[in-house]
$ cat work21.cif   # mmCIF, N, CA and C atoms
data_start
loop_
_atom_site.label_atom_id
_atom_site.label_comp_id
_atom_site.auth_asym_id
_atom_site.auth_seq_id
_atom_site.Cartn_x
_atom_site.Cartn_y
_atom_site.Cartn_z
N MET A 16 66.80 68.11 -25.73
CA MET A 16 67.72 67.01 -25.66
C MET A 16 67.33 66.05 -24.53
N ARG A 17 66.96 66.61 -23.39
CA ARG A 17 66.58 65.77 -22.26
C ARG A 17 65.31 64.99 -22.56
N THR A 18 64.35 65.59 -23.26
CA THR A 18 63.11 64.92 -23.63
C THR A 18 63.40 63.71 -24.50
N LEU A 19 64.31 63.83 -25.41
CA LEU A 19 64.68 62.73 -26.28
C LEU A 19 65.28 61.58 -25.46
N SER A 20 66.08 61.88 -24.49
CA SER A 20 66.69 60.85 -23.65
C SER A 20 65.64 60.10 -22.85
N VAL A 21 64.68 60.81 -22.30
CA VAL A 21 63.61 60.17 -21.52
C VAL A 21 62.78 59.28 -22.44
N ARG A 22 62.46 59.78 -23.62
CA ARG A 22 61.69 58.97 -24.58
C ARG A 22 62.46 57.72 -24.99
N ALA A 23 63.73 57.87 -25.23
CA ALA A 23 64.55 56.72 -25.61
C ALA A 23 64.60 55.70 -24.47
N LEU A 24 64.69 56.18 -23.24
CA LEU A 24 64.72 55.30 -22.08
C LEU A 24 63.40 54.54 -21.93
N VAL A 25 62.30 55.24 -22.09
CA VAL A 25 60.98 54.61 -21.99
C VAL A 25 60.81 53.58 -23.10
N ALA A 26 61.19 53.93 -24.32
CA ALA A 26 61.08 53.00 -25.44
C ALA A 26 61.94 51.77 -25.20
N SER A 27 63.13 51.95 -24.70
CA SER A 27 64.01 50.81 -24.41
C SER A 27 63.41 49.90 -23.34
N ALA A 28 62.83 50.51 -22.32
CA ALA A 28 62.21 49.72 -21.25
C ALA A 28 61.04 48.91 -21.78
N LEU A 29 60.21 49.52 -22.62
CA LEU A 29 59.07 48.81 -23.20
C LEU A 29 59.53 47.65 -24.08
N LEU A 30 60.55 47.87 -24.88
CA LEU A 30 61.07 46.80 -25.73
C LEU A 30 61.63 45.65 -24.88
N ALA A 31 62.30 45.98 -23.80
CA ALA A 31 62.83 44.94 -22.91
C ALA A 31 61.71 44.13 -22.28
N LEU A 32 60.63 44.80 -21.86
CA LEU A 32 59.49 44.09 -21.29
C LEU A 32 58.84 43.17 -22.30
N LEU A 33 58.68 43.64 -23.51
CA LEU A 33 58.08 42.80 -24.56
C LEU A 33 58.96 41.60 -24.87
N ALA A 34 60.25 41.78 -24.89
CA ALA A 34 61.17 40.68 -25.20
C ALA A 34 61.14 39.61 -24.12
N CYS A 35 60.90 39.99 -22.87
CA CYS A 35 60.92 39.05 -21.75
C CYS A 35 59.55 38.46 -21.43
N SER A 36 58.50 39.01 -21.98
CA SER A 36 57.17 38.54 -21.61
C SER A 36 56.82 37.24 -22.30
N LYS A 37 55.83 36.55 -21.75
CA LYS A 37 55.33 35.30 -22.31
C LYS A 37 54.69 35.58 -23.66
N PRO A 38 54.95 34.72 -24.66
CA PRO A 38 54.30 34.94 -25.93
C PRO A 38 52.77 34.88 -25.79
N LEU A 39 52.09 35.61 -26.63
CA LEU A 39 50.64 35.59 -26.60
C LEU A 39 50.13 34.20 -26.92
N SER A 40 48.98 33.88 -26.39
CA SER A 40 48.36 32.61 -26.65
C SER A 40 48.15 32.45 -28.15
N SER A 41 48.21 31.21 -28.62
CA SER A 41 48.08 30.95 -30.05
C SER A 41 46.62 30.90 -30.51
N GLY A 42 45.68 31.19 -29.65
CA GLY A 42 44.27 31.16 -30.02
C GLY A 42 43.41 31.77 -28.94
N ARG A 43 42.11 31.58 -29.07
CA ARG A 43 41.16 32.13 -28.09
C ARG A 43 41.21 31.30 -26.80
N VAL A 44 41.44 31.97 -25.68
CA VAL A 44 41.50 31.29 -24.39
C VAL A 44 40.09 30.87 -23.99
N LEU A 45 39.93 29.57 -23.71
CA LEU A 45 38.63 29.02 -23.32
C LEU A 45 38.43 29.09 -21.82
N GLY A 46 39.50 28.93 -21.06
CA GLY A 46 39.41 28.97 -19.61
C GLY A 46 40.36 27.98 -18.97
N GLY A 47 40.09 27.68 -17.71
CA GLY A 47 40.94 26.78 -16.94
C GLY A 47 40.62 25.31 -17.21
N ILE A 48 41.29 24.46 -16.45
CA ILE A 48 41.17 23.01 -16.62
C ILE A 48 40.53 22.40 -15.39
N ASP A 49 39.56 21.54 -15.60
CA ASP A 49 38.92 20.83 -14.49
C ASP A 49 39.39 19.37 -14.52
N GLY A 50 40.57 19.15 -13.97
CA GLY A 50 41.17 17.81 -13.98
C GLY A 50 40.36 16.79 -13.19
N ASP A 51 39.77 17.22 -12.07
CA ASP A 51 38.97 16.28 -11.28
C ASP A 51 37.78 15.76 -12.07
N ALA A 52 37.09 16.65 -12.78
CA ALA A 52 35.94 16.21 -13.59
C ALA A 52 36.39 15.24 -14.67
N TYR A 53 37.53 15.53 -15.29
CA TYR A 53 38.05 14.63 -16.33
C TYR A 53 38.35 13.26 -15.73
N CYS A 54 39.07 13.24 -14.61
CA CYS A 54 39.43 11.96 -13.99
C CYS A 54 38.19 11.17 -13.58
N LYS A 55 37.22 11.84 -13.00
CA LYS A 55 35.99 11.15 -12.59
C LYS A 55 35.25 10.59 -13.80
N SER A 56 35.31 11.29 -14.94
CA SER A 56 34.65 10.79 -16.14
C SER A 56 35.33 9.52 -16.66
N LYS A 57 36.55 9.28 -16.22
CA LYS A 57 37.31 8.09 -16.61
C LYS A 57 37.28 7.02 -15.54
N GLY A 58 36.44 7.21 -14.51
CA GLY A 58 36.32 6.23 -13.44
C GLY A 58 37.40 6.34 -12.37
N MET A 59 38.16 7.41 -12.40
CA MET A 59 39.20 7.64 -11.39
C MET A 59 38.60 8.53 -10.30
N ILE A 60 39.36 8.78 -9.22
CA ILE A 60 38.77 9.54 -8.11
C ILE A 60 39.20 11.00 -8.03
N LYS A 61 40.42 11.31 -8.50
CA LYS A 61 40.88 12.71 -8.42
C LYS A 61 42.10 12.91 -9.31
N THR A 62 42.47 14.19 -9.42
CA THR A 62 43.68 14.55 -10.17
C THR A 62 44.70 15.10 -9.18
N TYR A 63 45.96 14.92 -9.49
CA TYR A 63 47.00 15.61 -8.72
C TYR A 63 48.29 15.69 -9.50
N TRP A 64 49.14 16.60 -9.05
CA TRP A 64 50.42 16.97 -9.66
C TRP A 64 51.51 16.18 -8.95
N VAL A 65 52.26 15.39 -9.69
CA VAL A 65 53.25 14.53 -9.05
C VAL A 65 54.46 14.33 -9.95
N ALA A 66 55.59 14.05 -9.33
CA ALA A 66 56.79 13.67 -10.08
C ALA A 66 56.98 12.17 -9.91
N LYS A 67 57.13 11.48 -11.00
CA LYS A 67 57.41 10.05 -10.96
C LYS A 67 58.85 9.86 -11.41
N PRO A 68 59.72 9.38 -10.54
CA PRO A 68 61.12 9.18 -10.94
C PRO A 68 61.19 8.31 -12.20
N GLY A 69 62.05 8.71 -13.11
CA GLY A 69 62.22 7.93 -14.33
C GLY A 69 61.21 8.25 -15.42
N GLN A 70 60.23 9.08 -15.13
CA GLN A 70 59.25 9.48 -16.13
C GLN A 70 59.34 10.98 -16.38
N PHE A 71 59.22 11.38 -17.62
CA PHE A 71 59.14 12.79 -18.00
C PHE A 71 60.32 13.61 -17.48
N ASP A 72 61.50 13.03 -17.51
CA ASP A 72 62.72 13.71 -17.04
C ASP A 72 62.60 14.18 -15.59
N GLY A 73 61.80 13.48 -14.80
CA GLY A 73 61.65 13.82 -13.39
C GLY A 73 60.79 15.03 -13.13
N ARG A 74 60.18 15.60 -14.17
CA ARG A 74 59.33 16.78 -13.98
C ARG A 74 57.95 16.36 -13.48
N LYS A 75 57.35 17.22 -12.69
CA LYS A 75 56.00 16.94 -12.20
C LYS A 75 55.00 17.07 -13.34
N THR A 76 53.94 16.32 -13.24
CA THR A 76 52.90 16.36 -14.26
C THR A 76 51.54 16.03 -13.65
N TRP A 77 50.48 16.44 -14.31
CA TRP A 77 49.12 16.14 -13.85
C TRP A 77 48.73 14.72 -14.26
N GLY A 78 47.95 14.10 -13.42
CA GLY A 78 47.45 12.76 -13.73
C GLY A 78 46.24 12.44 -12.88
N CYS A 79 45.66 11.27 -13.14
CA CYS A 79 44.49 10.81 -12.39
C CYS A 79 44.88 9.69 -11.45
N GLU A 80 44.25 9.68 -10.28
CA GLU A 80 44.47 8.61 -9.31
C GLU A 80 43.20 7.77 -9.21
N GLY A 81 43.40 6.46 -9.24
CA GLY A 81 42.28 5.54 -9.09
C GLY A 81 42.04 5.18 -7.64
N SER A 82 40.96 4.49 -7.37
CA SER A 82 40.63 4.11 -5.99
C SER A 82 41.66 3.15 -5.41
N ASP A 83 42.40 2.47 -6.27
CA ASP A 83 43.45 1.55 -5.80
C ASP A 83 44.79 2.25 -5.60
N GLY A 84 44.83 3.57 -5.81
CA GLY A 84 46.07 4.34 -5.64
C GLY A 84 46.91 4.43 -6.90
N ALA A 85 46.53 3.73 -7.96
CA ALA A 85 47.27 3.80 -9.21
C ALA A 85 47.13 5.21 -9.78
N TRP A 86 48.19 5.68 -10.41
CA TRP A 86 48.21 7.02 -10.98
C TRP A 86 48.63 6.94 -12.44
N ALA A 87 48.02 7.74 -13.30
CA ALA A 87 48.38 7.79 -14.71
C ALA A 87 48.29 9.23 -15.20
N PRO A 88 49.29 9.69 -15.97
CA PRO A 88 49.25 11.06 -16.48
C PRO A 88 48.18 11.22 -17.55
N TYR A 89 47.77 12.45 -17.77
CA TYR A 89 46.85 12.74 -18.86
C TYR A 89 47.36 13.91 -19.68
N SER A 90 46.82 14.02 -20.88
CA SER A 90 47.14 15.11 -21.79
C SER A 90 46.22 16.29 -21.50
N ILE A 91 46.79 17.45 -21.25
CA ILE A 91 45.98 18.65 -21.01
C ILE A 91 45.11 18.93 -22.24
N GLY A 92 45.64 18.70 -23.43
CA GLY A 92 44.87 18.93 -24.65
C GLY A 92 43.62 18.07 -24.71
N VAL A 93 43.75 16.81 -24.30
CA VAL A 93 42.59 15.91 -24.29
C VAL A 93 41.57 16.41 -23.27
N VAL A 94 42.04 16.80 -22.09
CA VAL A 94 41.14 17.32 -21.06
C VAL A 94 40.42 18.57 -21.58
N CYS A 95 41.18 19.49 -22.19
CA CYS A 95 40.59 20.73 -22.71
C CYS A 95 39.53 20.43 -23.77
N SER A 96 39.87 19.55 -24.70
CA SER A 96 38.92 19.23 -25.78
C SER A 96 37.64 18.62 -25.24
N GLN A 97 37.77 17.73 -24.24
CA GLN A 97 36.58 17.11 -23.66
C GLN A 97 35.78 18.14 -22.85
N GLN A 98 36.47 18.93 -22.06
CA GLN A 98 35.80 19.90 -21.19
C GLN A 98 35.05 20.96 -21.98
N TYR A 99 35.66 21.47 -23.03
CA TYR A 99 35.05 22.57 -23.78
C TYR A 99 34.36 22.09 -25.07
N LYS A 100 34.35 20.78 -25.29
CA LYS A 100 33.65 20.17 -26.43
C LYS A 100 34.03 20.80 -27.77
N THR A 101 35.33 21.01 -27.94
CA THR A 101 35.88 21.54 -29.18
C THR A 101 37.35 21.14 -29.27
N THR A 102 37.95 21.28 -30.43
CA THR A 102 39.38 21.02 -30.55
C THR A 102 40.11 22.08 -29.74
N ALA A 103 40.91 21.65 -28.81
CA ALA A 103 41.60 22.59 -27.93
C ALA A 103 42.95 22.00 -27.51
N HIS A 104 43.77 22.84 -26.97
CA HIS A 104 45.07 22.42 -26.43
C HIS A 104 45.35 23.19 -25.16
N GLY A 105 46.34 22.72 -24.41
CA GLY A 105 46.72 23.41 -23.19
C GLY A 105 47.95 24.25 -23.41
N GLU A 106 48.00 25.37 -22.73
CA GLU A 106 49.19 26.22 -22.74
C GLU A 106 49.56 26.52 -21.30
N GLN A 107 50.84 26.35 -21.00
CA GLN A 107 51.33 26.62 -19.64
C GLN A 107 51.79 28.06 -19.58
N GLN A 108 51.18 28.82 -18.69
CA GLN A 108 51.47 30.25 -18.58
C GLN A 108 52.77 30.54 -17.83
N ARG A 109 53.11 29.71 -16.85
CA ARG A 109 54.33 29.91 -16.07
C ARG A 109 55.03 28.56 -15.91
N GLU A 110 56.32 28.54 -16.14
CA GLU A 110 57.10 27.31 -16.07
C GLU A 110 56.99 26.65 -14.70
N ASP A 111 56.75 25.35 -14.73
CA ASP A 111 56.67 24.52 -13.51
C ASP A 111 55.61 24.99 -12.51
N ASP A 112 54.59 25.67 -12.99
CA ASP A 112 53.49 26.11 -12.13
C ASP A 112 52.26 25.28 -12.50
N PRO A 113 51.87 24.36 -11.64
CA PRO A 113 50.79 23.43 -11.99
C PRO A 113 49.44 24.06 -12.23
N ILE A 114 49.21 25.23 -11.67
CA ILE A 114 47.89 25.84 -11.86
C ILE A 114 47.89 26.88 -12.97
N SER A 115 48.96 26.96 -13.73
CA SER A 115 49.02 27.97 -14.79
C SER A 115 48.60 27.44 -16.16
N TRP A 116 48.14 26.18 -16.24
CA TRP A 116 47.67 25.66 -17.52
C TRP A 116 46.30 26.25 -17.84
N ILE A 117 46.12 26.64 -19.09
CA ILE A 117 44.84 27.12 -19.58
C ILE A 117 44.48 26.35 -20.85
N CYS A 118 43.21 26.35 -21.18
CA CYS A 118 42.74 25.73 -22.41
C CYS A 118 42.59 26.80 -23.47
N VAL A 119 43.09 26.49 -24.67
CA VAL A 119 43.06 27.43 -25.79
C VAL A 119 42.44 26.72 -26.98
N GLU A 120 41.56 27.41 -27.68
CA GLU A 120 40.87 26.83 -28.83
C GLU A 120 41.86 26.50 -29.95
N GLY A 121 41.61 25.38 -30.61
CA GLY A 121 42.41 24.99 -31.77
C GLY A 121 43.50 24.00 -31.42
N PRO A 122 44.16 23.47 -32.46
CA PRO A 122 45.24 22.52 -32.21
C PRO A 122 46.44 23.22 -31.57
N GLY A 123 47.24 22.46 -30.87
CA GLY A 123 48.42 23.02 -30.21
C GLY A 123 49.49 23.44 -31.19
N PRO A 124 50.44 24.25 -30.73
CA PRO A 124 51.52 24.70 -31.61
C PRO A 124 52.41 23.53 -32.03
N THR A 125 52.93 23.62 -33.23
CA THR A 125 53.83 22.58 -33.74
C THR A 125 55.10 22.51 -32.90
N ASN A 126 55.62 23.66 -32.53
CA ASN A 126 56.84 23.75 -31.72
C ASN A 126 56.53 24.52 -30.44
N PRO A 127 56.02 23.83 -29.41
CA PRO A 127 55.70 24.53 -28.16
C PRO A 127 56.97 25.06 -27.49
N PRO A 128 56.83 26.12 -26.69
CA PRO A 128 57.99 26.66 -25.98
C PRO A 128 58.69 25.59 -25.13
N ALA A 129 59.98 25.67 -25.04
CA ALA A 129 60.76 24.70 -24.28
C ALA A 129 60.41 24.70 -22.79
N THR A 130 59.82 25.79 -22.31
CA THR A 130 59.48 25.89 -20.88
C THR A 130 58.22 25.11 -20.54
N TRP A 131 57.42 24.71 -21.53
CA TRP A 131 56.19 23.96 -21.24
C TRP A 131 56.54 22.55 -20.81
N ASN A 132 55.85 22.04 -19.84
CA ASN A 132 56.03 20.68 -19.39
C ASN A 132 55.38 19.75 -20.42
N ARG A 133 56.19 19.12 -21.25
CA ARG A 133 55.69 18.30 -22.35
C ARG A 133 55.01 17.02 -21.87
N ALA A 134 55.16 16.69 -20.62
CA ALA A 134 54.53 15.49 -20.09
C ALA A 134 53.02 15.57 -20.20
N ASN A 135 52.46 16.76 -20.12
CA ASN A 135 51.01 16.93 -20.16
C ASN A 135 50.49 17.35 -21.53
N MET A 136 51.29 17.28 -22.54
CA MET A 136 50.83 17.74 -23.86
C MET A 136 50.18 16.66 -24.67
#

$ encode --input "work21.cif" --output "structure tokens"
Amino acid sequence: MRTLSVRALVASALLALLACSKPLSSGRVLGGIDGDAYCKSKGMIKTYWVAKPGQFDGRKTWGCEGSDGAWAPYSIGVVCSQQYKTTAHGEQQREDDPISWICVEGPGPTNPPATWNRANM
């Protein structure tokens, strides 16, 4: 009887972990994102994570900065496709974590998770 209780407890714990974990990537993970290389290829000087009031519901997003200080957001999917020379999209591994974006092979999901920062999609 006690063995059954322990097994049930372990099974319940595993199910709870699976329910709370991040969904698996929708394709083959290609790797990280090199925003600086992308920005430089566009004639800009660097990339950085910033919140622009009135844009993207006030959420921070990645963008390129020009030598004149102008800043413009970019699509992680475009960066991924250019960097890995294939159709790719970005997936955010942790909500509001700027370094958690990864590049994944193939087109992006039709309905991305609500936790993804859509400003960079």

$ residues_around --input "work21.cif" --residues "Val44 (chain A)" --least-positions-apart "5" --cutoff "8 Å" --atoms "only N, CA and C atoms" --output "JSON, numbers by chain"
{"A": [117, 118, 119, 120]}

$ resolve_selection --input "work21.cif" --expression "the PyMOL selection byres ((chain A and resi 102-107) around 6)" --output "PyMOL selection string"
chain A and resi 91-92+95-96+100-101+108-110+115-123+131

$ residues_around --input "work21.cif" --residues "Val94 (chain A)" --least-positions-apart "4" --cutoff "8 Å" --atoms "only C-alpha atoms" --output "list in words"
Ile48, Asp49, Gly50, Tyr53, Tyr89, Ser90 and Gln98 of chain A

$ closest_residue --input "work21.cif" --among "A:Ala87, A:Leu45, A:Ala66, A:Cys54" --to "Tyr99 (chain A)" --atoms "only N, CA and C atoms"
A:Leu45

$ atom_distance --input "work21.cif" --atom1 "CA of Ala129 (chain A)" --atom2 "atom N of Asp111 (chain A)"
10.4 Å

$ decode --input "work21.cif" --residues "region 48-68 of chain A" --atoms "N, CA and C atoms" --output "PDB file, in the first residue's frame"
ATOM      1  N   ILE A  48      21.288  34.233 -31.130  1.00  0.00           N
ATOM      2  CA  ILE A  48      21.097  35.348 -32.054  1.00  0.00           C
ATOM      3  C   ILE A  48      22.274  36.310 -31.946  1.00  0.00           C
ATOM      4  N   ASP A  49      22.814  36.709 -33.078  1.00  0.00           N
ATOM      5  CA  ASP A  49      23.898  37.691 -33.096  1.00  0.00           C
ATOM      6  C   ASP A  49      23.336  39.016 -33.606  1.00  0.00           C
ATOM      7  N   GLY A  50      22.704  39.746 -32.696  1.00  0.00           N
ATOM      8  CA  GLY A  50      22.069  41.017 -33.055  1.00  0.00           C
ATOM      9  C   GLY A  50      23.057  42.065 -33.535  1.00  0.00           C
ATOM     10  N   ASP A  51      24.245  42.103 -32.935  1.00  0.00           N
ATOM     11  CA  ASP A  51      25.244  43.088 -33.365  1.00  0.00           C
ATOM     12  C   ASP A  51      25.641  42.871 -34.821  1.00  0.00           C
ATOM     13  N   ALA A  52      25.874  41.618 -35.204  1.00  0.00           N
ATOM     14  CA  ALA A  52      26.243  41.331 -36.601  1.00  0.00           C
ATOM     15  C   ALA A  52      25.116  41.749 -37.541  1.00  0.00           C
ATOM     16  N   TYR A  53      23.875  41.466 -37.140  1.00  0.00           N
ATOM     17  CA  TYR A  53      22.733  41.857 -37.978  1.00  0.00           C
ATOM     18  C   TYR A  53      22.690  43.375 -38.134  1.00  0.00           C
ATOM     19  N   CYS A  54      22.794  44.096 -37.024  1.00  0.00           N
ATOM     20  CA  CYS A  54      22.728  45.558 -37.071  1.00  0.00           C
ATOM     21  C   CYS A  54      23.856  46.134 -37.929  1.00  0.00           C
ATOM     22  N   LYS A  55      25.050  45.616 -37.761  1.00  0.00           N
ATOM     23  CA  LYS A  55      26.188  46.105 -38.552  1.00  0.00           C
ATOM     24  C   LYS A  55      25.981  45.827 -40.034  1.00  0.00           C
ATOM     25  N   SER A  56      25.329  44.707 -40.366  1.00  0.00           N
ATOM     26  CA  SER A  56      25.067  44.406 -41.776  1.00  0.00           C
ATOM     27  C   SER A  56      24.069  45.390 -42.377  1.00  0.00           C
ATOM     28  N   LYS A  57      23.336  46.085 -41.532  1.00  0.00           N
ATOM     29  CA  LYS A  57      22.358  47.088 -41.968  1.00  0.00           C
ATOM     30  C   LYS A  57      22.899  48.504 -41.850  1.00  0.00           C
ATOM     31  N   GLY A  58      24.200  48.634 -41.567  1.00  0.00           N
ATOM     32  CA  GLY A  58      24.819  49.948 -41.461  1.00  0.00           C
ATOM     33  C   GLY A  58      24.631  50.616 -40.106  1.00  0.00           C
ATOM     34  N   MET A  59      24.139  49.872 -39.134  1.00  0.00           N
ATOM     35  CA  MET A  59      23.955  50.406 -37.784  1.00  0.00           C
ATOM     36  C   MET A  59      25.193  50.031 -36.961  1.00  0.00           C
ATOM     37  N   ILE A  60      25.273  50.517 -35.709  1.00  0.00           N
ATOM     38  CA  ILE A  60      26.494  50.260 -34.939  1.00  0.00           C
ATOM     39  C   ILE A  60      26.379  49.165 -33.888  1.00  0.00           C
ATOM     40  N   LYS A  61      25.169  48.956 -33.338  1.00  0.00           N
ATOM     41  CA  LYS A  61      25.027  47.926 -32.300  1.00  0.00           C
ATOM     42  C   LYS A  61      23.556  47.609 -32.075  1.00  0.00           C
ATOM     43  N   THR A  62      23.341  46.563 -31.274  1.00  0.00           N
ATOM     44  CA  THR A  62      21.989  46.183 -30.877  1.00  0.00           C
ATOM     45  C   THR A  62      21.842  46.429 -29.384  1.00  0.00           C
ATOM     46  N   TYR A  63      20.633  46.733 -28.962  1.00  0.00           N
ATOM     47  CA  TYR A  63      20.364  46.757 -27.528  1.00  0.00           C
ATOM     48  C   TYR A  63      18.882  46.617 -27.242  1.00  0.00           C
ATOM     49  N   TRP A  64      18.594  46.266 -25.999  1.00  0.00           N
ATOM     50  CA  TRP A  64      17.265  45.958 -25.478  1.00  0.00           C
ATOM     51  C   TRP A  64      16.734  47.215 -24.814  1.00  0.00           C
ATOM     52  N   VAL A  65      15.602  47.710 -25.267  1.00  0.00           N
ATOM     53  CA  VAL A  65      15.105  48.982 -24.743  1.00  0.00           C
ATOM     54  C   VAL A  65      13.580  49.009 -24.737  1.00  0.00           C
ATOM     55  N   ALA A  66      13.029  49.801 -23.849  1.00  0.00           N
ATOM     56  CA  ALA A  66      11.584  50.051 -23.843  1.00  0.00           C
ATOM     57  C   ALA A  66      11.355  51.446 -24.398  1.00  0.00           C
ATOM     58  N   LYS A  67      10.501  51.544 -25.370  1.00  0.00           N
ATOM     59  CA  LYS A  67      10.131  52.842 -25.926  1.00  0.00           C
ATOM     60  C   LYS A  67       8.702  53.125 -25.496  1.00  0.00           C
ATOM     61  N   PRO A  68       8.476  54.146 -24.689  1.00  0.00           N
ATOM     62  CA  PRO A  68       7.106  54.451 -24.261  1.00  0.00           C
ATOM     63  C   PRO A  68       6.189  54.609 -25.477  1.00  0.00           C
TER      64      PRO A  68
END
